[in-house]
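Heads up, the thing below is written out as structure tokens.
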Amino acid sequence: MTTLFEIPSAADTVAPKPSLAGMTRPELMAALAEAGVPANQAKMRAAQLWNWIYARGATDFMALSNIAKSLRAELDARFTLARPDIAAEQISEDGTRKWLLRLAPSHPAESPPEIETVYIPEPDRGTLCISSQVGCTLNCSFCHTGTQRLVRNLTAAEIVGQILVARDRVGDWPDADGPADRHGIPESERKITNIVLMGMGEPLYNFDNVKAAVGVTTDPDALSFSKRRLTLSTSGVVPMMHRAGDEMGVMLAISLHAVRDDLRDELVPINRKYPLKELLAACRAYPGLSNARRMTFEYVMLKGVNDSVAEAKELVRLLKGIPSKINLIPFNPWPGTAYECSDWAQIERFADVVNRAGYASPIRTPRGRDIMAACGQLKSASEKLRASARRGEAGAPAVDAAV
């Protein structure tokens, strides 16, 4: 049975204190300098805070027992350890959890933006799907998120903050009890084992903030996720792909969805700028690509659109020579869409062609459909900023859409 919890906002009427939770090391050092920590102590204090925030999940400065009470009081006066505010939580019949997170406005003209984050538990693992932007600029025709216009990029702290919220809610900290409703949460020590940047937005259009967040996520003294368990999904921002491999070291999941440029132009409009030939060349040149570190290709199955056996054979031809895994995704309908999911028998025929060519080709089991948490269904309530605010008129800072 689907469960929905409305969670009261923690927003105050006064300007909120900045949170240290989600900060990078340089940001943390700057915050300590602001709090008056002497330069010769800053590195040690930053390491202590780093451990408390990211290894232990601290939410209260007073709990930081190895830091002097006077410094704890000073930090408490200036900062918080708050995460993004949970506006609502939904729990699916299959155990999938979706959180609507309300963020602090980036400037006075901005209404509090909202994003969605999804936790997908399995018996021996848990995958967290996080967002990189508020809204999206790509307008993929089959994707519900694409019907929401871009509001702004997320900061590195807001990206990391989604992981902190999720670890809080599922009890993924040392000695944490977890929620009263543990439906679907694995019994394993780590409740969240994999991170996928497959939520709202195009991560490579927010490169610097995503890179900083990946640094915190994979730091062995912080959240300590292996880079092999962190996947970045892109619709094909070709000029940024090699940089992602060089500077982040994560593996990519390519939102492919078509084997012809004319069809991909319709389904994934960024293809008009970076067509299949350029995209696949960038895939072949991706740093670290090997049989041990394969590229993932996502292919949503749309009835009568891209699901023929001929297209399966063309997919195999296109990906020849690229160490790959192909995820076939049954389309998840959403209100107002013109598309239908391919018949199951047709999906199996398509998969058989791909499997016989030697590719791992799992058919992804839809999760969280009853709470609109399945692939391509995320869409918060945020609206695009007024044009005057985006242009920076009337004293409002301009918004960098990174497009």
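Just so we're on the same page: first chain in the structure tokens is A, next is B, and so on; residues restart at 1 for each chain, and ligands are numbered from 1 in the order they show up.
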
* To do: Might you pull out every residue within 12 Å of Thr24 (chain A), with only C-alpha atoms counted and same-chain residues fewer than 3 positions away left off, and present them as a count of residues only?
  => 34

* **Contacts of Leu315 (chain A) at 9 Å (only C-alpha atoms; same-chain gap of 6+ positions) as a list in words** =>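 Counting only C-alpha atoms, the residues come to Ala258, Val259 and Val354 of chain A.
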
* **Interatomic distance, CA of Val170 (chain A) to CA of Ser111 (chain A) (Å, one decimal)** => 28.7 Å

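Here the question is which of A:Thr59, A:Thr137, A:Arg25, A:Ile120 gets nearest to Asp168 (chain A) using only C-alpha atoms, and that residue is A:Thr59.
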
Listing only residues of region 180-207 of chain A within 12 Å of region 229-249 of chain A, what is the closest atom pair and its distance in Å (to one decimal) for each, using only C-alpha atoms, sorted by chain and residue number ascending, as CSV?
```
residue,atom,partner,partner_atom,distance
A:Ile192,CA,A:Arg229,CA,10.2
A:Thr193,CA,A:Arg229,CA,7.1
A:Asn194,CA,A:Arg229,CA,4.9
A:Ile195,CA,A:Leu230,CA,4.8
A:Val196,CA,A:Thr231,CA,4.8
A:Leu197,CA,A:Leu232,CA,4.8
A:Met198,CA,A:Ser233,CA,5.3
A:Gly199,CA,A:Ser233,CA,8.7
A:Met200,CA,A:Ser233,CA,10.5
A:Gly201,CA,A:Thr234,CA,9.2
A:Glu202,CA,A:Thr234,CA,6.1
A:Pro203,CA,A:Thr234,CA,6.7
A:Leu204,CA,A:Met240,CA,6.3
A:Tyr205,CA,A:Val237,CA,7.7
A:Asn206,CA,A:Met240,CA,10.2
A:Phe207,CA,A:Met240,CA,8.0
```

Output of the above residues as a compact mmCIF listing (two decimals), in the first residue's frame, restricted to all heavy atoms:
```txt
# COMPACT_ATOMS: atom_id res chain seq x y z
N ILE A 192 22.48 1.96 1.82
CA ILE A 192 22.67 2.59 0.51
C ILE A 192 24.03 2.15 0.00
O ILE A 192 25.06 2.48 0.59
CB ILE A 192 22.60 4.13 0.59
CG1 ILE A 192 21.25 4.58 1.15
CG2 ILE A 192 22.84 4.76 -0.78
CD1 ILE A 192 21.17 6.06 1.46
N THR A 193 24.04 1.38 -1.07
CA THR A 193 25.29 0.83 -1.60
C THR A 193 25.69 1.45 -2.93
O THR A 193 26.86 1.38 -3.30
CB THR A 193 25.16 -0.69 -1.78
OG1 THR A 193 24.06 -0.96 -2.67
CG2 THR A 193 24.91 -1.39 -0.45
N ASN A 194 24.73 2.02 -3.65
CA ASN A 194 24.99 2.58 -4.97
C ASN A 194 24.34 3.96 -5.09
O ASN A 194 23.23 4.18 -4.59
CB ASN A 194 24.44 1.67 -6.07
CG ASN A 194 25.11 0.32 -6.10
OD1 ASN A 194 24.95 -0.50 -5.20
ND2 ASN A 194 25.88 0.08 -7.14
N ILE A 195 25.03 4.86 -5.78
CA ILE A 195 24.51 6.21 -6.06
C ILE A 195 24.42 6.37 -7.57
O ILE A 195 25.38 6.08 -8.29
CB ILE A 195 25.42 7.31 -5.50
CG1 ILE A 195 25.69 7.11 -4.01
CG2 ILE A 195 24.83 8.68 -5.78
CD1 ILE A 195 24.58 7.49 -3.10
N VAL A 196 23.27 6.82 -8.05
CA VAL A 196 23.12 7.12 -9.48
C VAL A 196 22.64 8.55 -9.64
O VAL A 196 21.67 8.97 -9.03
CB VAL A 196 22.16 6.12 -10.19
CG1 VAL A 196 22.77 4.73 -10.20
CG2 VAL A 196 20.80 6.09 -9.54
N LEU A 197 23.37 9.31 -10.45
CA LEU A 197 22.94 10.67 -10.79
C LEU A 197 22.00 10.56 -11.98
O LEU A 197 22.35 10.85 -13.12
CB LEU A 197 24.16 11.54 -11.12
CG LEU A 197 24.90 12.06 -9.90
CD1 LEU A 197 26.38 12.20 -10.17
CD2 LEU A 197 24.30 13.39 -9.46
N MET A 198 20.78 10.09 -11.70
CA MET A 198 19.77 9.86 -12.73
C MET A 198 18.46 10.55 -12.38
O MET A 198 17.42 10.25 -12.95
CB MET A 198 19.52 8.35 -12.90
CG MET A 198 20.70 7.57 -13.42
SD MET A 198 20.30 5.83 -13.67
CE MET A 198 21.87 5.19 -14.27
N GLY A 199 18.52 11.46 -11.41
CA GLY A 199 17.32 12.18 -11.02
C GLY A 199 17.07 13.36 -11.94
O GLY A 199 17.36 13.32 -13.14
N MET A 200 16.54 14.43 -11.39
CA MET A 200 16.20 15.60 -12.18
C MET A 200 17.47 16.29 -12.69
O MET A 200 18.44 16.47 -11.96
CB MET A 200 15.39 16.58 -11.32
CG MET A 200 14.06 16.01 -10.87
SD MET A 200 13.27 17.00 -9.56
CE MET A 200 13.07 18.56 -10.42
N GLY A 201 17.47 16.66 -13.97
CA GLY A 201 18.55 17.45 -14.53
C GLY A 201 19.58 16.65 -15.31
O GLY A 201 19.60 15.42 -15.30
N GLU A 202 20.43 17.37 -16.00
CA GLU A 202 21.55 16.82 -16.76
C GLU A 202 22.84 17.11 -15.99
O GLU A 202 23.29 18.26 -15.93
CB GLU A 202 21.61 17.44 -18.16
CG GLU A 202 22.89 17.22 -18.95
CD GLU A 202 23.29 15.78 -19.12
OE1 GLU A 202 22.57 15.01 -19.79
OE2 GLU A 202 24.36 15.40 -18.57
N PRO A 203 23.45 16.10 -15.38
CA PRO A 203 24.62 16.36 -14.52
C PRO A 203 25.78 17.08 -15.22
O PRO A 203 26.47 17.89 -14.60
CB PRO A 203 25.04 14.95 -14.09
CG PRO A 203 23.81 14.12 -14.20
CD PRO A 203 23.06 14.69 -15.37
N LEU A 204 25.99 16.80 -16.50
CA LEU A 204 27.13 17.41 -17.19
C LEU A 204 26.88 18.87 -17.56
O LEU A 204 27.81 19.55 -18.00
CB LEU A 204 27.50 16.59 -18.43
CG LEU A 204 28.02 15.18 -18.13
CD1 LEU A 204 28.49 14.49 -19.40
CD2 LEU A 204 29.14 15.19 -17.09
N TYR A 205 25.66 19.36 -17.37
CA TYR A 205 25.40 20.80 -17.49
C TYR A 205 25.58 21.50 -16.14
O TYR A 205 25.33 22.70 -16.04
CB TYR A 205 23.98 21.05 -18.02
CG TYR A 205 23.88 21.00 -19.53
CD1 TYR A 205 22.68 20.66 -20.14
CD2 TYR A 205 24.95 21.31 -20.35
CE1 TYR A 205 22.55 20.62 -21.52
CE2 TYR A 205 24.85 21.27 -21.72
CZ TYR A 205 23.65 20.93 -22.31
OH TYR A 205 23.55 20.90 -23.68
N ASN A 206 25.98 20.77 -15.14
CA ASN A 206 26.29 21.33 -13.81
C ASN A 206 27.60 20.71 -13.36
O ASN A 206 27.74 20.23 -12.24
CB ASN A 206 25.15 21.01 -12.83
CG ASN A 206 25.32 21.70 -11.49
OD1 ASN A 206 26.12 22.63 -11.34
ND2 ASN A 206 24.58 21.24 -10.50
N PHE A 207 28.58 20.74 -14.23
CA PHE A 207 29.79 19.94 -14.08
C PHE A 207 30.54 20.22 -12.79
O PHE A 207 30.88 19.30 -12.03
CB PHE A 207 30.72 20.16 -15.28
CG PHE A 207 31.89 19.21 -15.31
CD1 PHE A 207 31.82 18.02 -16.02
CD2 PHE A 207 33.06 19.51 -14.63
CE1 PHE A 207 32.88 17.14 -16.04
CE2 PHE A 207 34.14 18.62 -14.64
CZ PHE A 207 34.05 17.44 -15.36
```

* To do: Write out as a PyMOL selection string all residues of region 127-376 of chain A that backbone DSSP assigns to alpha helix (DSSP H).
  => chain A and resi 156-170+207-218+238-243+261-267+276-284+309-318+344-356

* Asked: Among region 106-240 of chain A, which ones does DSSP place in strand (DSSP E), written as an NGL selection string?
  -> :A and (114-122 or 125-129 or 133-134 or 152-153 or 194-197 or 230-234)
